[in-house]
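Report on one structure; see the data block that follows.
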Amino acid sequence: SGDATEADAAKLIAWRAESPAHELAFRSAVRLRQLVRVVEGVERPETIGIVSNVASLDAQRTKKHSRRAFLGGAMAASVAGGLLFVGRSLDMVPSLAALNAKYRTGTGERLVVRLGDGGTVELNTRTSINLRDDLAMPAVELISGEAVVTSGRSGTAALVAGNGTSIGKHGQFSARRTEDEICITCLSGEVEVAWNGEHRQLAPSQEVRYDDRGIGAVTAQANTAVLTAWRNGTLIFQDIPMRQVILEINRYREGRIILANNALSGRRLSGTYNIDRLDEFIDQAELAVGAKVTRLPGDVVVLS
């Protein structure tokens, strides 16, 4: 802003010295700001390495240094305040509810949780759940991500997500929760979905979507093989816009792929990728659609 003073910079130095967490937040903020400037074309990729120099301002407390250096540090501190918000907007930082979940998977991880009657819930990448004991059957609460619920000896299993409760009977069903909606898909047996007094009955390959405002109609012929390919370690895309492909890949890959070319966002793609080798998609994007690839620290890749 140009309004920061040397006193502000001194307060920044003191704040950073209060704890290792403050220092880490500062360094992360500077790195994030530089990364954004690289993506915008303001700085070159190699300038991200200067974070170590910027982060050493606390060792330079004399007035030999220019006001510009202090202003740079103060500006980086202001970025630190917004770091968590930016991370959440990019879906890079788990929510507080996800962090407090009983079971949670990280990027690229999968986990099978056994229920009391022999049933299971299989967690996909970046998924968090809690177990529920307030229903008359084995039940889980899906906080975020994607899971497959299999009924056990009782023949029933329930999943609570948002305003809806899904009860699977003698089979399996998939549940996926994003910021926008929740999708329930019957894989085998049958599923009854209740939402604020409304009910939907699902047979195999049928699905329904709902959010806080309402629940949709049942749709048929969901491709369950594509939907659950992650259970076998693969991702399958069939005529999907490139922007959606990248959104999905970012769920499984460390770092971030950023699409900076609007002309490519709607380009429709098909392909099968091994979750352990997702960078093959980047190579194919460069060769097949002519995307320019810029690789940055932290496994960040910009496609332009």
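Going by the structure tokens order, chains are called A, B, ..., each with residues numbered from 1, while ligands are numbered from 1 in the order shown.
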For stretch 196-246 of chain A against stretch 273-285 of chain A, with a cut-off of 9 Å and counting only C-alpha atoms, what is the closest atom pair and its distance in Å to one decimal for every residue that makes the cut, ordered by chain and number, as CSV?
```
residue,atom,partner,partner_atom,distance
A:Trp230,CA,A:Ile275,CA,7.7
A:Gly233,CA,A:Ile275,CA,5.5
A:Thr234,CA,A:Asn274,CA,4.5
A:Leu235,CA,A:Tyr273,CA,5.2
A:Ile236,CA,A:Tyr273,CA,6.6
A:Phe237,CA,A:Tyr273,CA,8.6
```
Could you please write out, as a PyMOL selection string, every residue of stretch 61-254 of chain A that DSSP assigns to helix (DSSP H, G or I)?
chain A and resi 67-81+83-89+96-99+224-227+229-232+242-252
Those same residues - C-alpha atoms - I'd like them written as an mmCIF file, in the first residue's frame.
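Result file follows (selection_33.cif):
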```cif
data_model
loop_
_atom_site.group_PDB
_atom_site.id
_atom_site.type_symbol
_atom_site.label_atom_id
_atom_site.label_comp_id
_atom_site.auth_asym_id
_atom_site.auth_seq_id
_atom_site.Cartn_x
_atom_site.Cartn_y
_atom_site.Cartn_z
ATOM 1 C CA ARG A 67 12.691 1.576 3.714
ATOM 2 C CA ARG A 68 11.813 -0.510 0.662
ATOM 3 C CA ALA A 69 13.173 -3.674 2.312
ATOM 4 C CA PHE A 70 11.084 -3.058 5.426
ATOM 5 C CA LEU A 71 7.983 -2.392 3.331
ATOM 6 C CA GLY A 72 8.522 -5.661 1.501
ATOM 7 C CA GLY A 73 8.585 -7.532 4.796
ATOM 8 C CA ALA A 74 5.480 -5.748 6.079
ATOM 9 C CA MET A 75 3.611 -6.510 2.880
ATOM 10 C CA ALA A 76 4.526 -10.189 3.168
ATOM 11 C CA ALA A 77 3.159 -10.199 6.714
ATOM 12 C CA SER A 78 -0.160 -8.897 5.447
ATOM 13 C CA VAL A 79 -0.229 -11.814 3.001
ATOM 14 C CA ALA A 80 0.287 -14.207 5.899
ATOM 15 C CA GLY A 81 -3.055 -13.157 7.320
ATOM 16 C CA LEU A 83 -2.733 -17.441 3.589
ATOM 17 C CA LEU A 84 -5.279 -19.817 5.085
ATOM 18 C CA PHE A 85 -8.108 -18.259 3.055
ATOM 19 C CA VAL A 86 -6.165 -18.559 -0.191
ATOM 20 C CA GLY A 87 -5.236 -22.147 0.593
ATOM 21 C CA ARG A 88 -8.869 -23.055 1.289
ATOM 22 C CA SER A 89 -9.996 -21.404 -1.963
ATOM 23 C CA LEU A 96 -11.126 -27.469 10.696
ATOM 24 C CA ALA A 97 -13.840 -30.153 10.678
ATOM 25 C CA ALA A 98 -11.696 -32.357 8.428
ATOM 26 C CA LEU A 99 -8.648 -31.899 10.642
ATOM 27 C CA THR A 224 -19.840 -47.072 -11.859
ATOM 28 C CA ALA A 225 -16.644 -48.546 -13.330
ATOM 29 C CA VAL A 226 -15.343 -45.037 -14.067
ATOM 30 C CA LEU A 227 -16.692 -43.695 -10.790
ATOM 31 C CA ALA A 229 -11.707 -46.717 -10.751
ATOM 32 C CA TRP A 230 -9.750 -45.039 -7.940
ATOM 33 C CA ARG A 231 -10.224 -48.202 -5.872
ATOM 34 C CA ASN A 232 -7.935 -49.942 -8.371
ATOM 35 C CA MET A 242 -9.679 -30.289 -19.522
ATOM 36 C CA ARG A 243 -10.509 -27.961 -16.626
ATOM 37 C CA GLN A 244 -12.489 -30.762 -14.932
ATOM 38 C CA VAL A 245 -9.739 -33.293 -15.587
ATOM 39 C CA ILE A 246 -7.230 -31.005 -13.874
ATOM 40 C CA LEU A 247 -9.569 -30.432 -10.918
ATOM 41 C CA GLU A 248 -9.825 -34.181 -10.426
ATOM 42 C CA ILE A 249 -6.105 -34.842 -10.834
ATOM 43 C CA ASN A 250 -5.338 -32.132 -8.285
ATOM 44 C CA ARG A 251 -7.216 -34.174 -5.686
ATOM 45 C CA TYR A 252 -4.713 -37.021 -6.043
#
```
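Nearest to A:Ser166 of all the residues A:Leu202, A:Val193, A:Ala4, A:Ala147 is A:Val193, based on only C-alpha atoms.
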Give me the residues within 7 Å of stretch 207-211 of chain A as a PyMOL selection string, counting only C-alpha atoms and dropping any in the same chain fewer than 5 places off.
chain A and resi 180-186+202+216-220+222
Please save all heavy atoms of the selected residues as an mmCIF file, in the first residue's frame.
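Output contents, as saved in part37.cif:
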```cif
data_model
loop_
_atom_site.group_PDB
_atom_site.id
_atom_site.type_symbol
_atom_site.label_atom_id
_atom_site.label_comp_id
_atom_site.auth_asym_id
_atom_site.auth_seq_id
_atom_site.Cartn_x
_atom_site.Cartn_y
_atom_site.Cartn_z
ATOM 1 N N ASP A 180 -19.915 -27.844 -3.324
ATOM 2 C CA ASP A 180 -21.159 -27.479 -3.992
ATOM 3 C C ASP A 180 -22.301 -28.456 -3.735
ATOM 4 O O ASP A 180 -23.457 -28.051 -3.630
ATOM 5 C CB ASP A 180 -20.934 -27.378 -5.510
ATOM 6 C CG ASP A 180 -19.918 -26.307 -5.857
ATOM 7 O OD1 ASP A 180 -19.895 -25.275 -5.158
ATOM 8 O OD2 ASP A 180 -19.150 -26.514 -6.809
ATOM 9 N N GLU A 181 -22.010 -29.756 -3.647
ATOM 10 C CA GLU A 181 -23.091 -30.731 -3.566
ATOM 11 C C GLU A 181 -22.593 -32.059 -3.049
ATOM 12 O O GLU A 181 -21.392 -32.285 -2.870
ATOM 13 C CB GLU A 181 -23.730 -30.927 -4.949
ATOM 14 C CG GLU A 181 -22.778 -31.542 -5.963
ATOM 15 C CD GLU A 181 -23.404 -31.759 -7.324
ATOM 16 O OE1 GLU A 181 -24.530 -31.273 -7.559
ATOM 17 O OE2 GLU A 181 -22.754 -32.408 -8.166
ATOM 18 N N ILE A 182 -23.554 -32.956 -2.832
ATOM 19 C CA ILE A 182 -23.276 -34.326 -2.415
ATOM 20 C C ILE A 182 -23.924 -35.253 -3.433
ATOM 21 O O ILE A 182 -25.090 -35.059 -3.806
ATOM 22 C CB ILE A 182 -23.821 -34.591 -0.999
ATOM 23 C CG1 ILE A 182 -23.068 -33.719 0.014
ATOM 24 C CG2 ILE A 182 -23.701 -36.064 -0.630
ATOM 25 C CD1 ILE A 182 -23.804 -33.491 1.296
ATOM 26 N N CYS A 183 -23.181 -36.242 -3.881
ATOM 27 C CA CYS A 183 -23.681 -37.194 -4.876
ATOM 28 C C CYS A 183 -23.648 -38.595 -4.276
ATOM 29 O O CYS A 183 -22.608 -39.046 -3.796
ATOM 30 C CB CYS A 183 -22.840 -37.137 -6.150
ATOM 31 S SG CYS A 183 -23.383 -38.316 -7.428
ATOM 32 N N ILE A 184 -24.779 -39.289 -4.312
ATOM 33 C CA ILE A 184 -24.909 -40.660 -3.831
ATOM 34 C C ILE A 184 -25.185 -41.562 -5.020
ATOM 35 O O ILE A 184 -26.121 -41.308 -5.792
ATOM 36 C CB ILE A 184 -26.041 -40.798 -2.794
ATOM 37 C CG1 ILE A 184 -25.869 -39.787 -1.657
ATOM 38 C CG2 ILE A 184 -26.105 -42.222 -2.259
ATOM 39 C CD1 ILE A 184 -24.629 -39.972 -0.825
ATOM 40 N N THR A 185 -24.390 -42.613 -5.178
ATOM 41 C CA THR A 185 -24.543 -43.542 -6.301
ATOM 42 C C THR A 185 -24.641 -44.961 -5.774
ATOM 43 O O THR A 185 -23.794 -45.401 -4.991
ATOM 44 C CB THR A 185 -23.348 -43.443 -7.270
ATOM 45 O OG1 THR A 185 -23.177 -42.094 -7.677
ATOM 46 C CG2 THR A 185 -23.588 -44.322 -8.498
ATOM 47 N N CYS A 186 -25.657 -45.693 -6.213
ATOM 48 C CA CYS A 186 -25.817 -47.084 -5.818
ATOM 49 C C CYS A 186 -24.934 -47.960 -6.695
ATOM 50 O O CYS A 186 -25.011 -47.900 -7.925
ATOM 51 C CB CYS A 186 -27.282 -47.506 -5.947
ATOM 52 S SG CYS A 186 -27.596 -49.220 -5.449
ATOM 53 N N LEU A 202 -32.727 -45.667 -4.820
ATOM 54 C CA LEU A 202 -31.749 -45.909 -5.877
ATOM 55 C C LEU A 202 -31.531 -47.397 -6.091
ATOM 56 O O LEU A 202 -31.363 -48.158 -5.131
ATOM 57 C CB LEU A 202 -30.399 -45.262 -5.529
ATOM 58 C CG LEU A 202 -30.388 -43.771 -5.183
ATOM 59 C CD1 LEU A 202 -28.967 -43.321 -4.876
ATOM 60 C CD2 LEU A 202 -30.991 -42.946 -6.310
ATOM 61 N N GLY A 216 -32.210 -33.420 -5.957
ATOM 62 C CA GLY A 216 -32.618 -33.580 -7.335
ATOM 63 C C GLY A 216 -33.339 -34.886 -7.592
ATOM 64 O O GLY A 216 -33.619 -35.679 -6.682
ATOM 65 N N ALA A 217 -33.628 -35.106 -8.855
ATOM 66 C CA ALA A 217 -34.282 -36.345 -9.269
ATOM 67 C C ALA A 217 -33.242 -37.451 -9.433
ATOM 68 O O ALA A 217 -32.048 -37.187 -9.594
ATOM 69 C CB ALA A 217 -35.028 -36.125 -10.579
ATOM 70 N N VAL A 218 -33.706 -38.686 -9.393
ATOM 71 C CA VAL A 218 -32.826 -39.833 -9.607
ATOM 72 C C VAL A 218 -32.441 -39.902 -11.076
ATOM 73 O O VAL A 218 -33.288 -39.776 -11.959
ATOM 74 C CB VAL A 218 -33.526 -41.137 -9.171
ATOM 75 C CG1 VAL A 218 -32.660 -42.349 -9.516
ATOM 76 C CG2 VAL A 218 -33.832 -41.098 -7.677
ATOM 77 N N THR A 219 -31.156 -40.047 -11.338
ATOM 78 C CA THR A 219 -30.686 -40.226 -12.708
ATOM 79 C C THR A 219 -30.128 -41.631 -12.866
ATOM 80 O O THR A 219 -29.608 -42.220 -11.912
ATOM 81 C CB THR A 219 -29.594 -39.202 -13.062
ATOM 82 O OG1 THR A 219 -28.499 -39.336 -12.152
ATOM 83 C CG2 THR A 219 -30.146 -37.787 -12.959
ATOM 84 N N ALA A 220 -30.256 -42.172 -14.071
ATOM 85 C CA ALA A 220 -29.898 -43.572 -14.294
ATOM 86 C C ALA A 220 -28.619 -43.702 -15.090
ATOM 87 O O ALA A 220 -28.104 -42.741 -15.677
ATOM 88 C CB ALA A 220 -31.038 -44.282 -15.025
ATOM 89 N N ALA A 222 -25.390 -44.368 -14.320
ATOM 90 C CA ALA A 222 -24.077 -43.840 -13.933
ATOM 91 C C ALA A 222 -23.017 -44.887 -14.258
ATOM 92 O O ALA A 222 -23.238 -46.085 -14.080
ATOM 93 C CB ALA A 222 -24.058 -43.520 -12.440
#
```
